[in-house]
file final-v5.csv (CSV, N, CA and C atoms)
chain,number,residue,atom,x,y,z
A,302,MET,N,127.6,54.5,115.4
A,302,MET,CA,128.7,55.5,115.3
A,302,MET,C,129.3,55.5,113.9
A,303,ILE,N,129.6,56.7,113.4
A,303,ILE,CA,130.1,56.9,112.1
A,303,ILE,C,131.6,57.2,112.2
A,304,THR,N,132.3,56.8,111.2
A,304,THR,CA,133.7,57.2,111.1
A,304,THR,C,133.9,58.6,110.5
A,305,LEU,N,135.1,59.2,110.8
A,305,LEU,CA,135.4,60.5,110.2
A,305,LEU,C,135.3,60.4,108.7
A,306,ARG,N,135.9,59.3,108.1
A,306,ARG,CA,135.8,59.2,106.7
A,306,ARG,C,134.4,59.2,106.1
A,307,GLU,N,133.5,58.5,106.8
A,307,GLU,CA,132.1,58.4,106.4
A,307,GLU,C,131.5,59.8,106.5
A,308,ALA,N,131.8,60.5,107.6
A,308,ALA,CA,131.2,61.8,107.8
A,308,ALA,C,131.7,62.8,106.7
A,309,ARG,N,133.0,62.7,106.4
A,309,ARG,CA,133.5,63.5,105.3
A,309,ARG,C,132.9,63.2,104.0
A,310,LEU,N,132.6,62.0,103.7
A,310,LEU,CA,131.9,61.6,102.5
A,310,LEU,C,130.5,62.2,102.4
A,311,LYS,N,129.8,62.2,103.6
A,311,LYS,CA,128.5,62.8,103.7
A,311,LYS,C,128.5,64.3,103.6
A,312,PHE,N,129.5,64.9,104.2
A,312,PHE,CA,129.6,66.4,104.2
A,312,PHE,C,130.9,66.8,103.6
A,313,SER,N,131.0,66.7,102.3
A,313,SER,CA,132.3,66.8,101.6
A,313,SER,C,133.1,68.1,101.7
A,314,ASP,N,132.4,69.2,102.0
A,314,ASP,CA,133.0,70.5,102.2
A,314,ASP,C,133.3,70.8,103.6
A,315,ALA,N,133.0,69.9,104.5
A,315,ALA,CA,133.1,70.2,105.9
A,315,ALA,C,134.5,70.3,106.4
A,316,GLU,N,134.7,71.2,107.4
A,316,GLU,CA,135.9,71.3,108.2
A,316,GLU,C,135.6,70.6,109.5
A,317,THR,N,136.6,70.3,110.2
A,317,THR,CA,136.4,69.7,111.5
A,317,THR,C,136.9,70.6,112.6
A,318,TYR,N,136.3,70.5,113.8
A,318,TYR,CA,136.7,71.3,115.0
A,318,TYR,C,136.3,70.5,116.2
A,319,THR,N,136.9,70.9,117.3
A,319,THR,CA,136.7,70.3,118.6
A,319,THR,C,136.3,71.5,119.6
A,320,PHE,N,135.3,71.3,120.4
A,320,PHE,CA,134.9,72.3,121.4
A,320,PHE,C,135.9,72.2,122.5
A,321,GLY,N,136.3,73.3,123.1
A,321,GLY,CA,137.1,73.3,124.3
A,321,GLY,C,138.6,72.9,124.1
A,322,ASP,N,139.3,72.9,125.3
A,322,ASP,CA,140.7,72.6,125.2
A,322,ASP,C,141.1,71.5,126.2
A,323,THR,N,140.1,70.8,126.7
A,323,THR,CA,140.3,69.6,127.5
A,323,THR,C,139.2,68.6,127.1
A,324,GLU,N,139.4,67.3,127.4
A,324,GLU,CA,138.4,66.3,127.2
A,324,GLU,C,137.1,66.6,128.0
A,325,ALA,N,137.3,67.0,129.2
A,325,ALA,CA,136.1,67.3,130.1
A,325,ALA,C,135.3,68.5,129.5
A,326,LEU,N,136.0,69.5,129.1
A,326,LEU,CA,135.3,70.7,128.6
A,326,LEU,C,134.6,70.3,127.2
A,327,CYS,N,135.3,69.6,126.4
A,327,CYS,CA,134.7,69.1,125.2
A,327,CYS,C,133.4,68.3,125.4
A,328,ASN,N,133.5,67.4,126.4
A,328,ASN,CA,132.3,66.6,126.7
A,328,ASN,C,131.1,67.5,127.2
A,329,GLU,N,131.5,68.4,128.1
A,329,GLU,CA,130.5,69.3,128.6
A,329,GLU,C,129.8,70.2,127.6
A,330,LEU,N,130.6,70.7,126.6
A,330,LEU,CA,130.1,71.6,125.6
A,330,LEU,C,129.2,70.7,124.6
A,331,LEU,N,129.7,69.5,124.3
A,331,LEU,CA,128.9,68.7,123.4
A,331,LEU,C,127.5,68.4,124.0
A,332,ALA,N,127.5,68.1,125.3
A,332,ALA,CA,126.3,67.8,126.0
A,332,ALA,C,125.3,69.1,126.0
A,333,LEU,N,125.9,70.3,126.1
A,333,LEU,CA,125.1,71.5,126.0
A,333,LEU,C,124.5,71.6,124.6
A,334,VAL,N,125.3,71.3,123.6
A,334,VAL,CA,124.8,71.4,122.2
A,334,VAL,C,123.6,70.3,122.0
A,335,ARG,N,123.9,69.1,122.5
A,335,ARG,CA,122.9,68.1,122.4
A,335,ARG,C,121.6,68.4,123.1
A,336,SER,N,121.7,69.1,124.2
A,336,SER,CA,120.5,69.5,125.0
A,336,SER,C,119.7,70.6,124.4
A,337,GLY,N,120.4,71.3,123.4
A,337,GLY,CA,119.7,72.5,122.8
A,337,GLY,C,120.1,73.8,123.5
A,338,ALA,N,120.8,73.7,124.6
A,338,ALA,CA,121.2,75.0,125.3
A,338,ALA,C,122.2,75.8,124.6
A,339,LYS,N,123.1,75.1,123.9
A,339,LYS,CA,124.2,75.8,123.2
A,339,LYS,C,123.9,75.8,121.7
A,340,ARG,N,123.8,77.0,121.1
A,340,ARG,CA,123.6,77.2,119.7
A,340,ARG,C,124.5,78.2,119.1
A,341,ALA,N,125.6,78.5,119.9
A,341,ALA,CA,126.6,79.5,119.4
A,341,ALA,C,127.9,79.2,120.1
A,342,THR,N,129.0,79.7,119.5
A,342,THR,CA,130.3,79.6,120.0
A,342,THR,C,131.1,80.8,119.5
A,343,CYS,N,132.3,80.9,120.0
A,343,CYS,CA,133.2,82.0,119.5
A,343,CYS,C,134.6,81.5,119.5
A,344,GLY,N,135.4,82.0,118.7
A,344,GLY,CA,136.8,81.7,118.6
A,344,GLY,C,137.7,82.9,118.4
A,345,ALA,N,138.9,82.8,118.8
A,345,ALA,CA,139.9,83.9,118.6
A,345,ALA,C,140.3,84.0,117.1
A,346,ILE,N,140.2,85.2,116.6
A,346,ILE,CA,140.6,85.4,115.2
A,346,ILE,C,142.1,84.9,115.0
A,347,ALA,N,142.9,85.1,116.0
A,347,ALA,CA,144.3,84.7,116.0
A,347,ALA,C,144.4,83.2,115.6
A,348,ASP,N,143.5,82.4,116.2
A,348,ASP,CA,143.5,80.9,115.9
A,348,ASP,C,143.2,80.6,114.5
A,349,PHE,N,142.3,81.4,113.9
A,349,PHE,CA,141.9,81.2,112.5
A,349,PHE,C,143.0,81.7,111.6
A,350,GLU,N,143.7,82.8,111.9
A,350,GLU,CA,144.7,83.3,111.1
A,350,GLU,C,146.0,82.5,111.1
A,351,ASP,N,146.2,81.8,112.2
A,351,ASP,CA,147.5,81.0,112.2
A,351,ASP,C,147.2,79.5,111.8
A,352,GLY,N,146.0,79.2,111.3
A,352,GLY,CA,145.7,77.9,110.8
A,352,GLY,C,145.3,76.9,111.8
A,353,LYS,N,145.2,77.2,113.1
A,353,LYS,CA,144.8,76.2,114.1
A,353,LYS,C,143.4,75.7,113.9
A,354,GLU,N,142.6,76.6,113.4
A,354,GLU,CA,141.2,76.2,113.1
A,354,GLU,C,140.8,76.8,111.7
A,355,ALA,N,139.9,76.2,111.1
A,355,ALA,CA,139.3,76.8,109.8
A,355,ALA,C,138.3,77.8,110.2
A,356,MET,N,138.3,78.9,109.5
A,356,MET,CA,137.3,80.0,109.7
A,356,MET,C,136.0,79.5,109.4
A,357,PRO,N,135.0,79.7,110.2
A,357,PRO,CA,133.6,79.2,109.9
A,357,PRO,C,133.1,80.1,108.7
A,358,VAL,N,132.2,79.5,108.0
A,358,VAL,CA,131.6,80.1,106.8
A,358,VAL,C,130.1,79.9,106.9
A,359,VAL,N,129.3,81.0,106.7
A,359,VAL,CA,127.8,80.9,106.8
A,359,VAL,C,127.4,79.9,105.7
A,360,GLY,N,126.6,78.9,106.1
A,360,GLY,CA,126.0,78.0,105.1
A,360,GLY,C,126.8,76.7,105.0
A,361,ARG,N,128.0,76.7,105.5
A,361,ARG,CA,128.8,75.4,105.4
A,361,ARG,C,128.5,74.5,106.6
A,362,THR,N,128.4,73.2,106.4
A,362,THR,CA,128.2,72.3,107.4
A,362,THR,C,129.6,71.7,107.8
A,363,ASP,N,129.9,71.7,109.1
A,363,ASP,CA,131.2,71.3,109.6
A,363,ASP,C,130.9,70.1,110.6
A,364,ILE,N,132.0,69.4,110.9
A,364,ILE,CA,132.0,68.2,111.8
A,364,ILE,C,132.6,68.5,113.1
A,365,SER,N,131.9,68.5,114.2
A,365,SER,CA,132.4,68.7,115.5
A,365,SER,C,132.8,67.3,116.0
A,366,LEU,N,134.0,67.2,116.6
A,366,LEU,CA,134.6,66.0,117.0
A,366,LEU,C,134.6,65.8,118.5
A,367,HIS,N,134.5,64.5,118.8
A,367,HIS,CA,134.8,64.1,120.2
A,367,HIS,C,136.3,64.3,120.5
A,368,TRP,N,136.7,64.3,121.7
A,368,TRP,CA,138.1,64.6,122.1
A,368,TRP,C,139.0,63.5,121.4
A,369,ASP,N,138.5,62.3,121.2
A,369,ASP,CA,139.3,61.3,120.6
A,369,ASP,C,139.4,61.4,119.0
A,370,GLY,N,138.7,62.4,118.5
A,370,GLY,CA,138.8,62.6,117.0
A,370,GLY,C,137.7,61.9,116.2
A,371,THR,N,136.7,61.3,116.9
A,371,THR,CA,135.6,60.7,116.2
A,371,THR,C,134.5,61.7,116.1
A,372,PRO,N,133.7,61.6,115.0
A,372,PRO,CA,132.6,62.6,114.8
A,372,PRO,C,131.6,62.6,115.8
A,373,ALA,N,131.2,63.7,116.3
A,373,ALA,CA,130.1,63.9,117.3
A,373,ALA,C,128.9,64.4,116.7
A,374,LEU,N,129.0,65.6,115.9
A,374,LEU,CA,127.9,66.3,115.4
A,374,LEU,C,128.2,66.9,114.0
A,375,ALA,N,127.2,67.1,113.2
A,375,ALA,CA,127.4,67.9,112.0
A,375,ALA,C,126.6,69.2,112.3
A,376,THR,N,127.3,70.4,112.2
A,376,THR,CA,126.6,71.6,112.5
A,376,THR,C,126.8,72.6,111.3
A,377,ARG,N,125.8,73.4,111.1
A,377,ARG,CA,125.8,74.3,109.9
A,377,ARG,C,125.8,75.7,110.5
A,378,THR,N,126.8,76.5,110.1
A,378,THR,CA,126.9,77.9,110.5
A,378,THR,C,125.8,78.8,109.9
A,379,VAL,N,125.0,79.5,110.7
A,379,VAL,CA,123.9,80.3,110.2
A,379,VAL,C,124.1,81.8,110.4
A,380,GLU,N,125.1,82.2,111.2
A,380,GLU,CA,125.4,83.6,111.4
A,380,GLU,C,126.8,83.7,112.0
A,381,LEU,N,127.5,84.8,111.5
A,381,LEU,CA,128.8,85.1,112.0
A,381,LEU,C,128.8,86.6,112.4
A,382,ARG,N,129.5,87.0,113.5
A,382,ARG,CA,129.6,88.4,113.9
A,382,ARG,C,131.1,88.6,114.4
A,383,ALA,N,131.7,89.6,114.0
A,383,ALA,CA,133.0,90.0,114.5
A,383,ALA,C,132.8,90.8,115.8
A,384,THR,N,133.5,90.5,116.8
A,384,THR,CA,133.4,91.2,118.1
A,384,THR,C,134.7,91.1,118.8
A,385,THR,N,134.8,91.6,120.0
A,385,THR,CA,135.9,91.4,120.9
A,385,THR,C,135.4,90.8,122.2
A,386,TRP,N,136.4,90.4,123.1
A,386,TRP,CA,136.0,89.9,124.4
A,386,TRP,C,135.2,91.0,125.1
A,387,GLU,N,135.7,92.2,125.1
A,387,GLU,CA,135.1,93.3,125.9
A,387,GLU,C,133.8,93.9,125.3
A,388,THR,N,133.5,93.6,124.0
A,388,THR,CA,132.3,94.1,123.4
A,388,THR,C,131.3,93.0,123.1
A,389,MET,N,131.6,91.8,123.6
A,389,MET,CA,130.6,90.7,123.5
A,389,MET,C,129.3,91.1,124.2
A,390,THR,N,128.2,90.9,123.5
A,390,THR,CA,126.9,91.3,124.1
A,390,THR,C,126.3,90.1,124.9
A,391,ALA,N,125.4,90.5,125.8
A,391,ALA,CA,124.8,89.5,126.6
A,391,ALA,C,124.0,88.5,125.7
A,392,GLU,N,123.3,89.0,124.7
A,392,GLU,CA,122.6,88.1,123.8
A,392,GLU,C,123.5,87.1,123.2
A,393,MET,N,124.6,87.5,122.7
A,393,MET,CA,125.6,86.6,122.1
A,393,MET,C,126.1,85.6,123.1
A,394,ALA,N,126.6,86.1,124.2
A,394,ALA,CA,127.2,85.3,125.2
A,394,ALA,C,126.2,84.2,125.7
A,395,LEU,N,125.0,84.6,126.0
A,395,LEU,CA,124.0,83.6,126.5
A,395,LEU,C,123.6,82.6,125.5
A,396,ALA,N,123.7,82.9,124.2
A,396,ALA,CA,123.4,81.9,123.1
A,396,ALA,C,124.4,80.8,123.1
A,397,GLU,N,125.6,81.0,123.7
A,397,GLU,CA,126.6,80.0,123.8
A,397,GLU,C,126.2,78.9,124.8
A,398,GLY,N,125.2,79.2,125.7
A,398,GLY,CA,124.7,78.2,126.6
A,398,GLY,C,125.5,77.8,127.7
A,399,GLU,N,126.6,78.4,128.0
A,399,GLU,CA,127.5,77.9,129.0
A,399,GLU,C,127.3,78.7,130.3
A,400,ASP,N,126.7,79.9,130.3
A,400,ASP,CA,126.6,80.7,131.4
A,400,ASP,C,125.2,81.4,131.5
A,401,GLU,N,124.9,81.9,132.6
A,401,GLU,CA,123.6,82.5,132.8
A,401,GLU,C,123.6,84.0,132.7
A,402,THR,N,124.9,84.6,132.7
A,402,THR,CA,125.0,86.0,132.7
A,402,THR,C,126.2,86.4,131.8
A,403,LEU,N,126.3,87.6,131.3
A,403,LEU,CA,127.4,88.1,130.5
A,403,LEU,C,128.7,88.0,131.4
A,404,GLN,N,128.6,88.4,132.7
A,404,GLN,CA,129.7,88.3,133.6
A,404,GLN,C,130.3,86.9,133.7
A,405,GLY,N,129.4,85.9,133.8
A,405,GLY,CA,129.8,84.5,133.9
A,405,GLY,C,130.6,84.1,132.6
A,406,TRP,N,130.0,84.6,131.4
A,406,TRP,CA,130.7,84.3,130.2
A,406,TRP,C,132.1,85.0,130.2
A,407,ARG,N,132.2,86.2,130.6
A,407,ARG,CA,133.5,86.9,130.6
A,407,ARG,C,134.5,86.2,131.5
A,408,THR,N,134.1,85.7,132.7
A,408,THR,CA,135.0,85.0,133.6
A,408,THR,C,135.5,83.7,133.0
A,409,GLY,N,134.6,82.9,132.5
A,409,GLY,CA,135.0,81.6,131.9
A,409,GLY,C,135.8,81.8,130.7
A,410,HIS,N,135.4,82.7,129.8
A,410,HIS,CA,136.2,82.9,128.5
A,410,HIS,C,137.5,83.5,128.8
A,411,LYS,N,137.6,84.4,129.8
A,411,LYS,CA,138.9,85.0,130.1
A,411,LYS,C,139.9,83.9,130.6
A,412,ARG,N,139.4,83.0,131.4
A,412,ARG,CA,140.2,81.8,131.9
A,412,ARG,C,140.6,81.0,130.7
A,413,TYR,N,139.7,80.7,129.8
A,413,TYR,CA,140.0,79.9,128.6
A,413,TYR,C,141.1,80.5,127.7
A,414,PHE,N,140.9,81.8,127.4
A,414,PHE,CA,141.9,82.4,126.5
A,414,PHE,C,143.2,82.7,127.2
A,415,MET,N,143.2,82.8,128.6
A,415,MET,CA,144.4,82.9,129.3
A,415,MET,C,145.2,81.6,129.2
A,416,ARG,N,144.5,80.5,129.3
A,416,ARG,CA,145.1,79.2,129.2
A,416,ARG,C,145.8,79.0,127.8
A,417,GLN,N,145.2,79.7,126.8
A,417,GLN,CA,145.8,79.6,125.5
A,417,GLN,C,146.9,80.6,125.3
A,418,GLY,N,147.1,81.5,126.3
A,418,GLY,CA,148.1,82.5,126.2
A,418,GLY,C,147.8,83.7,125.3
A,419,ILE,N,146.5,83.9,125.0
A,419,ILE,CA,146.2,84.9,124.0
A,419,ILE,C,145.2,86.0,124.5
A,420,PHE,N,144.9,85.9,125.8
A,420,PHE,CA,143.8,86.9,126.3
A,420,PHE,C,144.3,88.3,126.2
A,421,ALA,N,143.3,89.1,125.8
A,421,ALA,CA,143.4,90.6,125.9
A,421,ALA,C,142.0,91.1,125.8
A,422,PRO,N,141.6,92.1,126.6
A,422,PRO,CA,140.2,92.6,126.6
A,422,PRO,C,139.8,93.0,125.1
A,423,ASP,N,140.7,93.5,124.3
A,423,ASP,CA,140.3,93.9,123.0
A,423,ASP,C,140.6,92.8,121.9
A,424,MET,N,140.9,91.6,122.4
A,424,MET,CA,141.2,90.5,121.4
A,424,MET,C,140.0,90.3,120.4
A,425,LYS,N,140.3,90.1,119.2
A,425,LYS,CA,139.3,89.9,118.2
A,425,LYS,C,138.7,88.5,118.2
A,426,LEU,N,137.4,88.4,118.2
A,426,LEU,CA,136.7,87.2,118.2
A,426,LEU,C,135.8,87.1,117.0
A,427,ILE,N,135.5,85.8,116.6
A,427,ILE,CA,134.4,85.6,115.6
A,427,ILE,C,133.4,84.8,116.4
A,428,TRP,N,132.1,85.3,116.4
A,428,TRP,CA,131.0,84.7,117.1
A,428,TRP,C,130.2,84.0,116.1
A,429,GLU,N,129.8,82.7,116.3
A,429,GLU,CA,129.1,81.9,115.3
A,429,GLU,C,127.9,81.3,115.9
A,430,ARG,N,126.8,81.5,115.2
A,430,ARG,CA,125.5,80.8,115.6
A,430,ARG,C,125.4,79.6,114.6
A,431,PHE,N,125.0,78.5,115.2
A,431,PHE,CA,125.0,77.3,114.3
A,431,PHE,C,123.7,76.5,114.6
A,432,GLU,N,123.4,75.6,113.7
A,432,GLU,CA,122.3,74.6,114.0
A,432,GLU,C,122.8,73.2,113.8
A,433,VAL,N,122.3,72.3,114.6
A,433,VAL,CA,122.7,70.9,114.5
A,433,VAL,C,122.0,70.3,113.3
A,434,ILE,N,122.8,69.7,112.4
A,434,ILE,CA,122.2,69.0,111.3
A,434,ILE,C,122.1,67.5,111.6
A,435,GLU,N,123.1,66.9,112.3
A,435,GLU,CA,123.0,65.5,112.6
A,435,GLU,C,123.9,65.2,113.8
A,436,ASP,N,123.4,64.3,114.7
A,436,ASP,CA,124.1,63.9,115.8
A,436,ASP,C,124.6,62.5,115.5
A,437,PHE,N,125.9,62.3,115.5
A,437,PHE,CA,126.5,61.0,115.2
A,437,PHE,C,126.6,60.1,116.4
A,438,GLY,N,126.2,60.5,117.6
A,438,GLY,CA,126.3,59.7,118.8
A,438,GLY,C,127.4,59.9,119.7
A,439,GLU,N,127.4,59.3,120.8
A,439,GLU,CA,128.5,59.4,121.8
A,439,GLU,C,129.7,58.8,121.3
A,440,ALA,N,130.9,59.2,121.9
A,440,ALA,CA,132.2,58.6,121.6
A,440,ALA,C,132.2,57.1,122.0
A,441,PRO,N,132.9,56.3,121.3
A,441,PRO,CA,133.0,54.9,121.6
A,441,PRO,C,133.7,54.6,122.9

call {"tool": "encode", "arguments": {"input": "final-v5.csv", "output": "structure tokens"}}
result
Amino acid sequence: MITLREARLKFSDAETYTFGDTEALCNELLALVRSGAKRATCGAIADFEDGKEAMPVVGRTDISLHWDGTPALATRTVELRATTWETMTAEMALAEGEDETLQGWRTGHKRYFMRQGIFAPDMKLIWERFEVIEDFGEAP
């Protein structure tokens, strides 16, 4: 297991992020990334604009955290697309690896964004395709 300080020394320009909004969802999404099923994600532009999260940048390696804040993975952004919840394509949704259909993605992501209090069909999203650079291991 690597510390966050050690991960930041290894990837000095990295930002940190956590998948999901609960420990269970974070663990589920990390498992999907580790299995290779999940190679994309999306976030609300509103979260990036208000500083809750750092905007992804193509080519930058970032550190995905376990729910407890310890490093889980190093990922590199390889593609970004601006979209909305209602214009998300099946190809993009399925690359997120969480659902088998676009409708499944819509249902799950609507619930997620409603929990955040920001859902709207025309909400602006940034979709990110990434590759795993390093797996730091399971949480202690």

call {"tool": "residues_around", "arguments": {"input": "final-v5.csv", "residues": "Asp363 (chain A)", "least_positions_apart": "6", "cutoff": "6.5 Å", "atoms": "only N, CA and C atoms", "output": "list in words"}}
result
Asp314, Ala315, Glu316, Thr317, Tyr318, Leu374, Ala375, Thr376, Arg377 and Thr378 of chain A

call {"tool": "closest_residue", "arguments": {"input": "final-v5.csv", "among": "A:Glu432, A:Glu401, A:Asp348, A:Asp369", "to": "Ile419 (chain A)", "atoms": "only C-alpha atoms"}}
result
A:Asp348

call {"tool": "atom_distance", "arguments": {"input": "final-v5.csv", "atom1": "atom C of Glu307 (chain A)", "atom2": "atom N of Pro372 (chain A)"}}
result
9.0 Å

call {"tool": "residues_around", "arguments": {"input": "final-v5.csv", "residues": "Gly418 (chain A)", "least_positions_apart": "6", "cutoff": "12 Å", "atoms": "only C-alpha atoms", "output": "list in words"}}
result
Ala345, Ala347, Asp348, Lys411, Arg412 and Met424 of chain A

call {"tool": "atom_distance", "arguments": {"input": "final-v5.csv", "atom1": "atom C of Leu426 (chain A)", "atom2": "atom C of Arg382 (chain A)"}}
result
5.6 Å

call {"tool": "closest_residue", "arguments": {"input": "final-v5.csv", "among": "A:Tyr413, A:Trp386, A:Ala396, A:Thr371", "to": "Arg306 (chain A)", "atoms": "only C-alpha atoms"}}
result
A:Thr371

call {"tool": "residues_near_point", "arguments": {"input": "final-v5.csv", "point": "(127.9, 87.2, 123.0)", "cutoff": "10 Å", "atoms": "only C-alpha atoms", "output": "list in words"}}
result
Ala341, Thr342, Cys343, Arg382, Thr384, Thr385, Trp386, Glu387, Thr388, Met389, Thr390, Ala391, Glu392, Met393, Ala394, Leu395, Ala396, Glu397, Leu403, Trp406, Arg407, Ile427, Trp428 and Glu429 of chain A

call {"tool": "atom_distance", "arguments": {"input": "final-v5.csv", "atom1": "atom C of Arg335 (chain A)", "atom2": "atom N of Lys425 (chain A)"}}
result
28.9 Å

call {"tool": "closest_residue", "arguments": {"input": "final-v5.csv", "among": "A:Ala373, A:Gly321, A:Met356, A:Gly405", "to": "Ala440 (chain A)", "atoms": "only N, CA and C atoms"}}
result
A:Ala373

call {"tool": "closest_residue", "arguments": {"input": "final-v5.csv", "among": "A:Phe414, A:Phe420, A:Phe320, A:Phe431", "to": "Gly360 (chain A)", "atoms": "only C-alpha atoms"}}
result
A:Phe431

call {"tool": "select_by_dssp", "arguments": {"input": "final-v5.csv", "residues": "region 348-406 of chain A", "states": "helix (DSSP H, G or I)", "output": "count of residues only"}}
result
13

call {"tool": "closest_residue", "arguments": {"input": "final-v5.csv", "among": "A:Gly370, A:Arg361, A:Ile303, A:Asp322", "to": "His410 (chain A)", "atoms": "only C-alpha atoms"}}
result
A:Asp322

call {"tool": "closest_residue", "arguments": {"input": "final-v5.csv", "among": "A:Gln404, A:Leu381, A:Leu366, A:Lys339", "to": "Glu324 (chain A)", "atoms": "only C-alpha atoms"}}
result
A:Leu366

call {"tool": "select_by_dssp", "arguments": {"input": "final-v5.csv", "residues": "chain A", "states": "strand (DSSP E)", "output": "number ranges by chain"}}
result
A: 317-318, 341-345, 362-366, 372-385, 425-436

call {"tool": "residues_around", "arguments": {"input": "final-v5.csv", "residues": "Ser313 (chain A)", "least_positions_apart": "4", "cutoff": "8 Å", "atoms": "all atoms listed in the file", "output": "ChimeraX atom specification"}}
result
/A:308-309,362
